[in-house]
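*Asks:* So here's protein.txt, just compact mmCIF, C-alpha atoms:
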```txt
# COMPACT_ATOMS: atom_id res chain seq x y z
CA MET A 1 13.78 29.41 -9.50
CA ASP A 2 15.00 25.78 -9.46
CA ARG A 3 14.96 23.81 -12.69
CA LEU A 4 14.45 20.19 -13.74
CA ASN A 5 17.03 18.48 -15.92
CA PHE A 6 15.33 17.60 -19.20
CA SER A 7 18.59 16.86 -21.03
CA LYS A 8 18.97 13.10 -20.41
CA GLY A 9 15.73 12.05 -22.13
CA ASP A 10 15.68 14.25 -25.22
CA GLY A 11 13.61 16.89 -23.49
CA LEU A 12 11.37 14.46 -21.62
CA LEU A 13 11.44 13.08 -18.10
CA PRO A 14 9.17 10.70 -16.18
CA ALA A 15 6.36 11.96 -13.97
CA ILE A 16 4.94 9.40 -11.56
CA VAL A 17 1.35 10.05 -10.49
CA GLN A 18 0.48 9.05 -6.94
CA ASP A 19 -2.78 9.31 -4.99
CA HIS A 20 -2.14 12.02 -2.39
CA VAL A 21 -4.12 10.21 0.32
CA THR A 22 -3.39 6.49 -0.15
CA ASN A 23 0.07 6.78 -1.82
CA GLU A 24 -1.15 4.36 -4.51
CA ILE A 25 0.75 4.80 -7.78
CA LEU A 26 -1.83 5.55 -10.48
CA MET A 27 0.25 5.94 -13.64
CA MET A 28 3.54 7.09 -15.13
CA ALA A 29 3.88 9.39 -18.11
CA TYR A 30 6.41 11.83 -19.56
CA ILE A 31 6.61 15.60 -19.27
CA ASN A 32 8.47 18.22 -21.26
CA GLU A 33 9.20 21.76 -20.12
CA GLU A 34 5.82 23.01 -21.36
CA ALA A 35 3.87 20.27 -19.55
CA TRP A 36 5.82 21.01 -16.36
CA GLN A 37 5.03 24.71 -16.52
CA LYS A 38 1.34 24.14 -17.35
CA THR A 39 1.02 21.74 -14.43
CA ILE A 40 2.41 24.24 -11.94
CA GLU A 41 0.47 27.13 -13.39
CA THR A 42 -2.93 25.37 -13.57
CA GLY A 43 -2.73 22.79 -10.77
CA LYS A 44 -3.90 20.11 -13.21
CA ALA A 45 -1.56 17.32 -14.33
CA HIS A 46 -0.20 17.86 -17.85
CA PHE A 47 2.08 15.49 -19.77
CA TYR A 48 3.68 15.13 -23.17
CA SER A 49 2.11 12.38 -25.25
CA ARG A 50 4.84 10.42 -27.02
CA SER A 51 2.32 8.70 -29.31
CA ARG A 52 0.52 11.91 -30.34
CA ASN A 53 3.61 14.18 -30.06
CA LYS A 54 1.73 16.89 -28.25
CA LEU A 55 0.90 18.44 -24.89
CA TRP A 56 -1.62 16.30 -23.03
CA LEU A 57 -3.92 17.55 -20.30
CA LYS A 58 -4.88 14.38 -18.45
CA GLY A 59 -8.68 14.27 -18.48
CA GLU A 60 -9.12 16.31 -21.65
CA SER A 61 -11.09 13.42 -23.22
CA SER A 62 -12.47 11.67 -20.11
CA ASN A 63 -12.95 14.66 -17.78
CA HIS A 64 -10.98 12.57 -15.28
CA TYR A 65 -8.60 15.39 -14.42
CA GLN A 66 -5.84 15.01 -11.85
CA ILE A 67 -5.81 17.84 -9.31
CA VAL A 68 -2.22 18.30 -8.17
CA LYS A 69 -1.90 18.64 -4.38
CA ASP A 70 1.89 18.41 -4.14
CA ILE A 71 4.90 17.78 -6.38
CA LEU A 72 8.08 15.97 -5.32
CA VAL A 73 11.45 16.13 -7.12
CA ASP A 74 14.20 13.51 -6.99
CA CYS A 75 17.89 13.89 -6.14
CA ASP A 76 18.92 14.18 -9.81
CA GLU A 77 16.14 16.60 -10.80
CA ASP A 78 15.15 14.22 -13.60
CA THR A 79 12.04 12.53 -12.17
CA VAL A 80 9.01 14.03 -10.44
CA ILE A 81 5.99 12.78 -8.52
CA TYR A 82 2.62 14.45 -8.94
CA ARG A 83 0.60 13.80 -5.78
CA VAL A 84 -3.00 14.14 -6.97
CA GLU A 85 -6.68 13.78 -6.39
CA GLN A 86 -7.90 11.61 -9.26
CA LEU A 87 -11.30 12.80 -10.49
CA GLY A 88 -13.61 10.08 -11.83
CA GLY A 89 -11.95 7.49 -9.62
CA ALA A 90 -9.68 5.97 -12.24
CA ALA A 91 -6.46 6.95 -14.02
CA CYS A 92 -6.07 4.16 -16.57
CA HIS A 93 -7.55 4.48 -20.05
CA LYS A 94 -8.52 0.82 -19.72
CA GLY A 95 -10.90 1.69 -16.88
CA TYR A 96 -8.80 0.56 -13.93
CA ARG A 97 -8.11 2.83 -10.96
CA SER A 98 -4.36 2.42 -11.56
CA CYS A 99 -2.49 1.57 -14.75
CA PHE A 100 -0.60 -0.90 -12.55
CA TYR A 101 -3.53 -3.33 -12.28
CA ARG A 102 -1.43 -6.44 -12.88
CA THR A 103 1.05 -8.32 -10.72
CA VAL A 104 3.81 -10.70 -11.85
CA ARG A 105 3.51 -14.36 -10.90
CA ASP A 106 5.93 -16.90 -12.38
CA TRP A 107 6.73 -14.53 -15.27
CA ASN A 108 3.02 -14.03 -16.03
CA PHE A 109 1.03 -10.80 -15.64
CA ILE A 110 -2.11 -11.44 -13.54
CA ILE A 111 -4.96 -8.90 -13.21
CA LYS A 112 -5.44 -8.06 -9.52
CA GLU A 113 -8.36 -5.64 -9.54
CA LYS A 114 -11.63 -4.83 -11.27
CA PRO A 115 -12.17 -1.89 -13.64
CA VAL A 116 -13.90 1.23 -12.25
CA PHE A 117 -15.45 2.30 -15.56
CA ASP A 118 -16.13 1.04 -19.08
CA PRO A 119 -13.65 2.77 -21.45
CA ALA A 120 -16.16 2.59 -24.32
CA GLU A 121 -18.56 4.75 -22.30
CA VAL A 122 -16.04 7.28 -21.00
CA TYR A 123 -14.11 7.87 -24.23
CA LYS A 124 -17.06 7.85 -26.65
CA LYS A 125 -17.13 10.94 -28.85
CA MET B 1 5.43 -16.18 -20.27
CA ASP B 2 4.38 -12.53 -20.59
CA ARG B 3 6.91 -9.96 -21.76
CA LEU B 4 7.66 -6.31 -21.12
CA ASN B 5 7.99 -3.92 -24.04
CA PHE B 6 11.57 -2.61 -24.02
CA SER B 7 11.35 -1.16 -27.55
CA LYS B 8 10.19 2.42 -26.82
CA GLY B 9 13.19 3.41 -24.71
CA ASP B 10 16.10 1.88 -26.62
CA GLY B 11 16.01 -1.28 -24.52
CA LEU B 12 15.31 0.48 -21.24
CA LEU B 13 12.13 1.13 -19.29
CA PRO B 14 11.39 2.83 -15.96
CA ALA B 15 11.12 0.85 -12.73
CA ILE B 16 9.51 2.70 -9.84
CA VAL B 17 10.53 1.45 -6.39
CA GLN B 18 7.84 1.63 -3.72
CA ASP B 19 7.90 0.61 -0.05
CA HIS B 20 5.67 -2.46 0.13
CA VAL B 21 4.17 -1.45 3.51
CA THR B 22 3.78 2.35 3.40
CA ASN B 23 3.45 2.78 -0.41
CA GLU B 24 6.10 5.52 -0.23
CA ILE B 25 7.94 5.96 -3.53
CA LEU B 26 11.65 5.48 -2.80
CA MET B 27 13.32 5.96 -6.19
CA MET B 28 13.02 5.50 -9.93
CA ALA B 29 15.63 3.88 -12.14
CA TYR B 30 15.82 2.09 -15.47
CA ILE B 31 15.90 -1.62 -16.27
CA ASN B 32 16.93 -3.57 -19.33
CA GLU B 33 15.97 -7.16 -20.11
CA GLU B 34 18.91 -8.53 -18.08
CA ALA B 35 18.08 -6.43 -14.98
CA TRP B 36 14.44 -7.55 -15.24
CA GLN B 37 15.40 -11.23 -15.36
CA LYS B 38 17.94 -10.91 -12.52
CA THR B 39 15.36 -9.18 -10.34
CA ILE B 40 12.81 -11.94 -10.81
CA GLU B 41 15.37 -14.72 -10.43
CA THR B 42 17.07 -13.34 -7.29
CA GLY B 43 14.30 -11.37 -5.57
CA LYS B 44 16.67 -8.39 -5.25
CA ALA B 45 16.10 -5.20 -7.24
CA HIS B 46 18.45 -4.87 -10.21
CA PHE B 47 18.64 -1.93 -12.61
CA TYR B 48 20.68 -0.73 -15.56
CA SER B 49 22.94 2.19 -14.72
CA ARG B 50 22.79 4.74 -17.53
CA SER B 51 25.84 6.59 -16.16
CA ARG B 52 28.01 3.47 -15.78
CA ASN B 53 26.46 1.54 -18.71
CA LYS B 54 26.19 -1.69 -16.76
CA LEU B 55 23.94 -3.94 -14.74
CA TRP B 56 23.41 -2.50 -11.26
CA LEU B 57 22.42 -4.51 -8.22
CA LYS B 58 20.97 -1.89 -5.86
CA GLY B 59 22.95 -2.22 -2.61
CA GLU B 60 26.11 -3.63 -4.20
CA SER B 61 28.12 -0.72 -2.72
CA SER B 62 26.03 0.22 0.32
CA ASN B 63 24.61 -3.21 1.29
CA HIS B 64 21.25 -1.46 1.24
CA TYR B 65 19.59 -4.10 -0.92
CA GLN B 66 15.95 -3.92 -1.93
CA ILE B 67 14.08 -7.17 -1.27
CA VAL B 68 11.32 -7.45 -3.85
CA LYS B 69 7.98 -8.48 -2.35
CA ASP B 70 5.78 -7.89 -5.39
CA ILE B 71 6.06 -6.49 -8.93
CA LEU B 72 3.33 -4.58 -10.75
CA VAL B 73 3.14 -4.01 -14.53
CA ASP B 74 1.32 -1.17 -16.28
CA CYS B 75 -1.27 -1.28 -19.07
CA ASP B 76 1.35 -0.74 -21.81
CA GLU B 77 3.91 -3.20 -20.40
CA ASP B 78 6.52 -0.44 -20.47
CA THR B 79 6.71 0.58 -16.79
CA VAL B 80 6.98 -1.58 -13.67
CA ILE B 81 6.76 -1.07 -9.91
CA TYR B 82 9.05 -2.99 -7.58
CA ARG B 83 7.34 -3.20 -4.21
CA VAL B 84 10.23 -3.72 -1.79
CA GLU B 85 11.59 -3.90 1.71
CA GLN B 86 14.43 -1.34 1.75
CA LEU B 87 17.35 -2.65 3.80
CA GLY B 88 19.38 -0.01 5.66
CA GLY B 89 16.36 2.28 5.84
CA ALA B 90 17.26 4.54 2.92
CA ALA B 91 17.20 4.29 -0.87
CA CYS B 92 18.85 7.55 -1.91
CA HIS B 93 22.61 7.75 -2.41
CA LYS B 94 22.43 11.15 -0.71
CA GLY B 95 21.32 9.48 2.53
CA TYR B 96 17.61 10.23 2.41
CA ARG B 97 15.01 7.52 2.82
CA SER B 98 13.53 8.44 -0.56
CA CYS B 99 15.17 10.11 -3.54
CA PHE B 100 12.07 12.30 -3.59
CA TYR B 101 13.06 14.29 -0.50
CA ARG B 102 12.13 17.67 -1.97
CA THR B 103 8.81 19.35 -2.63
CA VAL B 104 8.07 22.19 -5.05
CA ARG B 105 7.00 25.55 -3.62
CA ASP B 106 6.72 28.58 -5.90
CA TRP B 107 9.05 26.96 -8.47
CA ASN B 108 11.67 26.19 -5.78
CA PHE B 109 12.71 22.75 -4.51
CA ILE B 110 12.47 22.59 -0.71
CA ILE B 111 13.94 19.73 1.38
CA LYS B 112 11.15 18.14 3.41
CA GLU B 113 12.93 15.44 5.41
CA LYS B 114 16.19 14.62 7.18
CA PRO B 115 18.83 12.18 5.90
CA VAL B 116 18.89 8.68 7.42
CA PHE B 117 22.61 8.11 6.90
CA ASP B 118 25.81 9.94 6.01
CA PRO B 119 26.75 9.00 2.42
CA ALA B 120 30.46 9.45 3.18
CA GLU B 121 30.21 6.66 5.78
CA VAL B 122 28.10 4.23 3.77
CA TYR B 123 29.92 4.49 0.44
CA LYS B 124 33.48 4.65 1.77
CA LYS B 125 35.73 2.07 0.16
```
If you took the structure in this file and wrote it as structure tokens, what would it be?
*Replies:*
Amino acid sequence: MDRLNFSKGDGLLPAIVQDHVTNEILMMAYINEEAWQKTIETGKAHFYSRSRNKLWLKGESSNHYQIVKDILVDCDEDTVIYRVEQLGGAACHKGYRSCFYRTVRDWNFIIKEKPVFDPAEVYKK
Amino acid sequence: MDRLNFSKGDGLLPAIVQDHVTNEILMMAYINEEAWQKTIETGKAHFYSRSRNKLWLKGESSNHYQIVKDILVDCDEDTVIYRVEQLGGAACHKGYRSCFYRTVRDWNFIIKEKPVFDPAEVYKK
């Protein structure tokens, strides 16, 4: 059993989420050992929420789960890529398909796409 | 002028490097404020090397520079994507096109591609 190296980031390492068909990068979040194991065991993307200090199943509030089709590991075993099918069509909590919905022009951040959903609708309790 | 948020990671944040044509993810490294400014000013990908504790122009040893075609910023302003043309055909110091040259199967990391170059040749002094 091969292991990731969680030591450099105080038990956390970055997980990049990529659409498994288009290769679009949807988001980046952090995982700890528990999130890594849950992801492999369940086939759904899990992370560690730095703001809430807890395990985070992506989609637990929105139902926009990420079904993991493949996982890639880098040369240093300290970054991974989850290649996923994004349910609900959007990964960003602001309603955009990708969290990377802005491009840099002359030091300014310019929105380059339209939201897929209204966050107020999806995250209402 | 819009700003990135370097505060969460002790002055560093992740920069994902993606091929601007194929969307393949080539590598992930960290940037500080200086690397960010140098990248925008020069159009070549710069990072901060955590192992050497210094500014790092990707390609300074190998001549395999990354020409930045576009930069994307995430919803929290704490992760960026450099969309690049990879000179020399490979981003990984181990000679693979992408640092993510392994896939996970049954908890094991399996090499899925062949190296593009021999690191001993490219990094010889």
*Asks:* For a test of reading the model, state the distance in Å between atom CA of A:Leu55 and atom CA of A:Cys92, rounded to one decimal.
*Replies:*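 Atom CA of A:Cys92 lies 17.9 Å from atom CA of A:Leu55.
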*Asks:* If we count all atoms listed in the file, what is near stretch 111-123 of chain A at a cut-off of 10 Å, once residues fewer than 5 positions away on the same chain are taken out, given as an mmCIF file with C-alpha atoms, in the coordinates of the input?
*Replies:*
```cif
data_model
loop_
_atom_site.group_PDB
_atom_site.id
_atom_site.type_symbol
_atom_site.label_atom_id
_atom_site.label_comp_id
_atom_site.auth_asym_id
_atom_site.auth_seq_id
_atom_site.Cartn_x
_atom_site.Cartn_y
_atom_site.Cartn_z
ATOM 1 C CA SER A 61 -11.090 13.420 -23.220
ATOM 2 C CA SER A 62 -12.470 11.670 -20.110
ATOM 3 C CA ASN A 63 -12.950 14.660 -17.780
ATOM 4 C CA HIS A 64 -10.980 12.570 -15.280
ATOM 5 C CA GLY A 88 -13.610 10.080 -11.830
ATOM 6 C CA GLY A 89 -11.950 7.490 -9.620
ATOM 7 C CA ALA A 90 -9.680 5.970 -12.240
ATOM 8 C CA ALA A 91 -6.460 6.950 -14.020
ATOM 9 C CA CYS A 92 -6.070 4.160 -16.570
ATOM 10 C CA HIS A 93 -7.550 4.480 -20.050
ATOM 11 C CA LYS A 94 -8.520 0.820 -19.720
ATOM 12 C CA GLY A 95 -10.900 1.690 -16.880
ATOM 13 C CA TYR A 96 -8.800 0.560 -13.930
ATOM 14 C CA ARG A 97 -8.110 2.830 -10.960
ATOM 15 C CA SER A 98 -4.360 2.420 -11.560
ATOM 16 C CA PHE A 100 -0.600 -0.900 -12.550
ATOM 17 C CA TYR A 101 -3.530 -3.330 -12.280
ATOM 18 C CA ARG A 102 -1.430 -6.440 -12.880
ATOM 19 C CA THR A 103 1.050 -8.320 -10.720
ATOM 20 C CA VAL A 104 3.810 -10.700 -11.850
ATOM 21 C CA LEU B 72 3.330 -4.580 -10.750
ATOM 22 C CA VAL B 73 3.140 -4.010 -14.530
#
```
*Asks:* Using only C-alpha atoms, pick whichever of B:Glu85, B:Asp106, B:Asp74, B:Glu34 has the shortest atom-to-atom distance to chain A.
*Replies:*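 Closest to chain A of all the choices is B:Asp74.
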*Asks:* Which residue, A:Ser51, A:Thr79, A:Gln86, A:Thr39, has the smallest gap to A:His20 when you use only C-alpha atoms?
*Replies:* A:Gln86
*Asks:* Compile the contact shell of B:Phe47 as a PyMOL selection string: residues with an atom at most 12 Å away, counting all atoms listed in the file, same-chain residues fewer than 2 positions apart removed.
*Replies:* chain B and resi 12-17+27-40+44-45+49-60+65-66+80+82
*Asks:* Could you check which of B:Tyr48, B:Lys69, B:Ile110, B:Gly11 is closest to B:Ile81, using only C-alpha atoms?
*Replies:*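 The answer is B:Lys69, which sits nearest to B:Ile81.
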